[in-house]
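Trainee: Have a look at the structure that comes next, please.
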Protein chains: 2
Amino acid sequence: MNRTVIEDALFPDCPIRNILARISDKWSLMVIYTLDKSEKEPVRFKELQRQIPDISQKMLTVTLRTLEEDGYVTRTIYHEVPPRVEYTLTERSRSLLPHIASLIGWALENREAIIKDRKDANRK
Amino acid sequence: MNRTVIEDALFPDCPIRNILARISDKWSLMVIYTLDKSEKEPVRFKELQRQIPDISQKMLTVTLRTLEEDGYVTRTIYHEVPPRVEYTLTERSRSLLPHIASLIGWALENREAIIKDRKDANRK
DNA sequence: AATAAAGGTTACTTTGCGGTAACTAATTGA
DNA sequence: TCAATTAGTTACCGCAAAGTAACCTTTATT
């Protein structure tokens, strides 16, 4: 990755910006990580809700649908009553996860310094 | 980085989420990459505007101020007329850039497949 | 006397993300 | 007969992010 490639990749309304925007919303990464936790075991909708207690039902649905559209999760419907719908991560999200992890790692290393800087800036 | 750390790092309203949210807004990465392009040469406000033509003056100001608050850029004022204000990246953003680059690299590798999936999903 | 220059600020408006609450389906158990 | 269960959908609302346009400052130039 050289700088020229990156530069081109971020021009206004480019697909890269678009792709990253869709996973940097409020809930996508949280959902992906929750699914990842289960080690390839499919997870039901209700179980996701239990593990992410502060997400609303609507946003869980919307987030899962968007993730499915972009090929990050698969959705399997079982026609039972009450309904059973199971979600699993695709290979695509598994290949994404290390990159996210490296970002989070960076944030963990730098968070104290950043929060301090932020305070100093607002003190003046 | 194991999964437990990542999990903890994403709990609701945690500082990590907060830090990442502030650089995943509409303009921050674009500004950081534009500054990076100049190879440690300070860049003036007007020059940033020229290189990011679709950003509004207000949003360029707001973005730069936020980046300064969090220690990603330094802002140097020269009391001349007309005014001169120069921006440079800090070591902090230079240490962040490789992680972003790896994400963008991933997006480049996967973009065609993702866009295809998205089309297929909407065709049905 | 008017204009341009750089780097903003301000007020106002628009957009869209996300939250809330109510409603649905079909079946089982009390 | 009623409630509970799962996995949603729908309509409505609020807030914050972002866009637009006008205005400001001081000095040099025409």
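Simple scheme: letters A, B, ... for chains in structure tokens order, numbers from 1 for residues in each chain, numbers from 1 for ligands in the order shown.
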Compile a residue-level contact table for chain D against chain A at a cut-off of 10 Å, reporting for every qualifying residue the shortest atom pair and its distance in Å to one decimal, with only C-alpha atoms (C1' of nucleotides) counted, rows ordered by chain and ascending number, as a tab-separated table.
Mentor:
residue	atom	partner	partner_atom	distance
D:DT5	C1'	A:Pro82	CA	6.0
D:DT6	C1'	A:Pro82	CA	5.0
D:DA7	C1'	A:Pro83	CA	6.4
D:DG8	C1'	A:Thr61	CA	7.7
D:DT9	C1'	A:Lys58	CA	8.7
Trainee: Convert the current residue selection to file output with N, CA and C atoms (P, O5', C5', C4', C3', O3' and C1' of nucleotides), as a PDB file, in the first residue's frame.
Mentor:
ATOM      1  P    DT D   5     -41.816 -15.399  27.522  1.00  0.00           P
ATOM      2  O5'  DT D   5     -41.349 -15.971  26.120  1.00  0.00           O
ATOM      3  C5'  DT D   5     -41.535 -17.356  25.805  1.00  0.00           C
ATOM      4  C4'  DT D   5     -41.504 -17.526  24.316  1.00  0.00           C
ATOM      5  C3'  DT D   5     -40.556 -16.559  23.596  1.00  0.00           C
ATOM      6  O3'  DT D   5     -39.321 -17.190  23.372  1.00  0.00           O
ATOM      7  C1'  DT D   5     -42.645 -16.904  22.418  1.00  0.00           C
ATOM      8  P    DT D   6     -37.983 -16.352  23.001  1.00  0.00           P
ATOM      9  O5'  DT D   6     -38.070 -16.202  21.425  1.00  0.00           O
ATOM     10  C5'  DT D   6     -38.073 -17.365  20.610  1.00  0.00           C
ATOM     11  C4'  DT D   6     -38.268 -16.952  19.168  1.00  0.00           C
ATOM     12  C3'  DT D   6     -37.282 -15.878  18.683  1.00  0.00           C
ATOM     13  O3'  DT D   6     -36.626 -16.367  17.535  1.00  0.00           O
ATOM     14  C1'  DT D   6     -39.532 -15.255  18.185  1.00  0.00           C
ATOM     15  P    DA D   7     -35.303 -15.688  17.022  1.00  0.00           P
ATOM     16  O5'  DA D   7     -35.930 -14.724  15.917  1.00  0.00           O
ATOM     17  C5'  DA D   7     -36.649 -15.295  14.820  1.00  0.00           C
ATOM     18  C4'  DA D   7     -37.348 -14.206  14.051  1.00  0.00           C
ATOM     19  C3'  DA D   7     -36.459 -12.982  13.738  1.00  0.00           C
ATOM     20  O3'  DA D   7     -36.609 -12.614  12.370  1.00  0.00           O
ATOM     21  C1'  DA D   7     -38.460 -12.294  14.679  1.00  0.00           C
ATOM     22  P    DG D   8     -35.482 -11.691  11.726  1.00  0.00           P
ATOM     23  O5'  DG D   8     -35.702 -10.264  12.453  1.00  0.00           O
ATOM     24  C5'  DG D   8     -36.248  -9.187  11.710  1.00  0.00           C
ATOM     25  C4'  DG D   8     -37.755  -9.345  11.566  1.00  0.00           C
ATOM     26  C3'  DG D   8     -38.442  -8.128  10.981  1.00  0.00           C
ATOM     27  O3'  DG D   8     -38.468  -8.223   9.586  1.00  0.00           O
ATOM     28  C1'  DG D   8     -39.663  -9.062  12.827  1.00  0.00           C
ATOM     29  P    DT D   9     -38.301  -6.904   8.726  1.00  0.00           P
ATOM     30  O5'  DT D   9     -39.708  -6.165   8.933  1.00  0.00           O
ATOM     31  C5'  DT D   9     -40.905  -6.800   8.513  1.00  0.00           C
ATOM     32  C4'  DT D   9     -42.071  -5.866   8.784  1.00  0.00           C
ATOM     33  C3'  DT D   9     -41.890  -4.464   8.198  1.00  0.00           C
ATOM     34  O3'  DT D   9     -43.070  -4.131   7.477  1.00  0.00           O
ATOM     35  C1'  DT D   9     -42.369  -4.314  10.518  1.00  0.00           C
TER      36       DT D   9
END
Trainee: At a cut-off of 6 Å, which residues of chain B touch chain A? Count only C-alpha atoms and give the answer as a PyMOL selection string.
Mentor: chain B and resi 16+69-70+99+103+107+114+117-118+121
Trainee: Report as a list in words all protein, DNA and RNA residues lying within 8 Å of segment 15-27 of chain D, evaluated on only C-alpha atoms (C1' of nucleotides), omitting residues in the same chain fewer than 3 positions from it.
Mentor: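 Listed by chain and then number, they are Ser56, Met59, Val81 and Pro82 of chain B; DT9, DT10, DT14 and DT15 of chain C.
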Trainee: For the interface of chain C with chain B (cut-off 10 Å, counting only C-alpha atoms (C1' of nucleotides)), please tabulate each contacting residue of chain C alongside its nearest pair of atoms and their separation in Å to one decimal, rows sorted by chain and increasing number, as a Markdown table.
Mentor:
| residue | atom | partner | partner_atom | distance |
| --- | --- | --- | --- | --- |
| C:DA5 | C1' | B:Pro82 | CA | 5.9 |
| C:DA6 | C1' | B:Pro82 | CA | 5.1 |
| C:DG7 | C1' | B:Pro83 | CA | 6.5 |
| C:DG8 | C1' | B:Thr61 | CA | 7.8 |
| C:DT9 | C1' | B:Lys58 | CA | 8.8 |
Trainee: Could you save the residues just selected, with C-alpha atoms (C1' of nucleotides), as a PDB file, in the first residue's frame?
Mentor:
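File out_4.pdb, as written:
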ATOM      1  C1'  DA C   5      -6.549  38.028  -0.114  1.00  0.00           C
ATOM      2  C1'  DA C   6      -6.676  34.130   3.924  1.00  0.00           C
ATOM      3  C1'  DG C   7      -8.867  32.130   7.517  1.00  0.00           C
ATOM      4  C1'  DG C   8     -12.103  32.072   9.687  1.00  0.00           C
ATOM      5  C1'  DT C   9     -17.327  32.799  12.460  1.00  0.00           C
TER       6       DT C   9
END
Trainee: Looking only at helix (DSSP H, G or I) from DSSP on the backbone, list the matching residues of chain B as a ChimeraX atom specification.
Mentor: /B:3-9,15-23,28-37,45-51,57-69,91-123
Trainee: Let's have the selection written as a tab-separated table (two decimals), in the first residue's frame, with C-alpha atoms.
Mentor:
chain	number	residue	atom	x	y	z
B	3	ARG	CA	-11.07	-11.45	21.46
B	4	THR	CA	-11.74	-10.66	25.09
B	5	VAL	CA	-9.80	-7.41	24.89
B	6	ILE	CA	-11.64	-6.41	21.74
B	7	GLU	CA	-14.95	-7.23	23.31
B	8	ASP	CA	-14.24	-5.11	26.36
B	9	ALA	CA	-13.02	-2.34	24.12
B	15	PRO	CA	-13.47	5.42	25.03
B	16	ILE	CA	-12.37	3.22	22.14
B	17	ARG	CA	-15.67	3.56	20.36
B	18	ASN	CA	-15.49	7.24	21.09
B	19	ILE	CA	-11.98	7.63	19.66
B	20	LEU	CA	-12.75	5.68	16.51
B	21	ALA	CA	-16.04	7.52	16.03
B	22	ARG	CA	-14.24	10.83	15.85
B	23	ILE	CA	-11.99	9.75	13.01
B	28	SER	CA	-11.20	13.40	9.13
B	29	LEU	CA	-9.37	10.69	7.21
B	30	MET	CA	-9.48	12.74	4.04
B	31	VAL	CA	-7.82	15.64	5.83
B	32	ILE	CA	-5.24	13.42	7.50
B	33	TYR	CA	-4.29	11.83	4.18
B	34	THR	CA	-4.05	15.18	2.46
B	35	LEU	CA	-1.67	16.38	5.16
B	36	ASP	CA	0.31	13.15	4.95
B	37	LYS	CA	0.77	13.66	1.21
B	45	PHE	CA	-5.80	26.12	5.16
B	46	LYS	CA	-6.43	27.32	1.62
B	47	GLU	CA	-4.25	24.59	0.18
B	48	LEU	CA	-6.27	21.94	2.03
B	49	GLN	CA	-9.41	23.44	0.58
B	50	ARG	CA	-7.93	23.26	-2.90
B	51	GLN	CA	-6.99	19.63	-2.49
B	57	GLN	CA	-15.12	25.93	4.66
B	58	LYS	CA	-17.06	25.36	7.84
B	59	MET	CA	-16.49	21.61	7.83
B	60	LEU	CA	-12.79	22.02	7.11
B	61	THR	CA	-12.51	24.30	10.13
B	62	VAL	CA	-14.56	22.00	12.35
B	63	THR	CA	-12.66	18.91	11.24
B	64	LEU	CA	-9.27	20.53	11.78
B	65	ARG	CA	-10.28	21.76	15.22
B	66	THR	CA	-11.44	18.32	16.29
B	67	LEU	CA	-8.27	16.71	14.92
B	68	GLU	CA	-6.23	19.28	16.81
B	69	GLU	CA	-8.14	18.60	20.04
B	91	GLU	CA	3.49	11.53	15.42
B	92	ARG	CA	0.19	10.21	16.70
B	93	SER	CA	-1.46	10.34	13.31
B	94	ARG	CA	1.63	8.96	11.64
B	95	SER	CA	1.41	5.94	13.92
B	96	LEU	CA	-2.27	5.61	13.09
B	97	LEU	CA	-1.86	5.72	9.32
B	98	PRO	CA	-0.53	2.18	8.76
B	99	HIS	CA	-3.59	0.74	10.50
B	100	ILE	CA	-5.91	2.79	8.32
B	101	ALA	CA	-3.89	1.82	5.27
B	102	SER	CA	-4.37	-1.85	6.08
B	103	LEU	CA	-8.12	-1.32	6.32
B	104	ILE	CA	-8.20	0.53	3.03
B	105	GLY	CA	-6.10	-2.21	1.48
B	106	TRP	CA	-8.67	-4.74	2.61
B	107	ALA	CA	-11.49	-2.62	1.21
B	108	LEU	CA	-9.70	-2.38	-2.15
B	109	GLU	CA	-9.24	-6.13	-2.31
B	110	ASN	CA	-12.88	-6.79	-1.45
B	111	ARG	CA	-14.70	-3.90	-3.03
B	112	GLU	CA	-15.72	-5.58	-6.26
B	113	ALA	CA	-17.10	-8.63	-4.52
B	114	ILE	CA	-18.95	-6.50	-1.99
B	115	ILE	CA	-20.53	-4.28	-4.62
B	116	LYS	CA	-21.58	-7.35	-6.55
B	117	ASP	CA	-23.17	-8.88	-3.45
B	118	ARG	CA	-24.99	-5.65	-2.80
B	119	LYS	CA	-26.41	-5.61	-6.33
B	120	ASP	CA	-27.48	-9.24	-6.10
B	121	ALA	CA	-29.24	-8.57	-2.82
B	122	ASN	CA	-31.22	-5.69	-4.28
B	123	ARG	CA	-32.06	-7.46	-7.52
Trainee: Could you give me the residues within chain A that DSSP places in strand (DSSP E), as a list of chain:residue names?
Mentor: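 Of chain A, the ones in strand (DSSP E) are A:Val43, A:Arg44, A:Val73, A:Thr74, A:Arg75, A:Thr76, A:Ile77, A:Tyr78, A:Arg84, A:Val85, A:Glu86, A:Tyr87, A:Thr88, A:Leu89.
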Trainee: Please write the residues from the selection above to a file, keeping C-alpha atoms, as a tab-separated table (two decimals), in the first residue's frame.
Mentor:
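Listing of result_31.tsv after writing:
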chain	number	residue	atom	x	y	z
A	43	VAL	CA	-26.46	-17.28	16.66
A	44	ARG	CA	-30.14	-16.51	16.86
A	73	VAL	CA	-23.20	-12.39	7.53
A	74	THR	CA	-25.44	-15.16	6.33
A	75	ARG	CA	-29.05	-15.37	7.40
A	76	THR	CA	-30.78	-18.71	7.68
A	77	ILE	CA	-34.51	-18.92	8.26
A	78	TYR	CA	-36.11	-22.02	9.78
A	84	ARG	CA	-35.86	-19.36	14.23
A	85	VAL	CA	-33.41	-17.23	12.30
A	86	GLU	CA	-29.72	-17.87	12.62
A	87	TYR	CA	-26.79	-15.66	11.74
A	88	THR	CA	-23.18	-16.56	11.06
A	89	LEU	CA	-20.14	-14.65	9.88
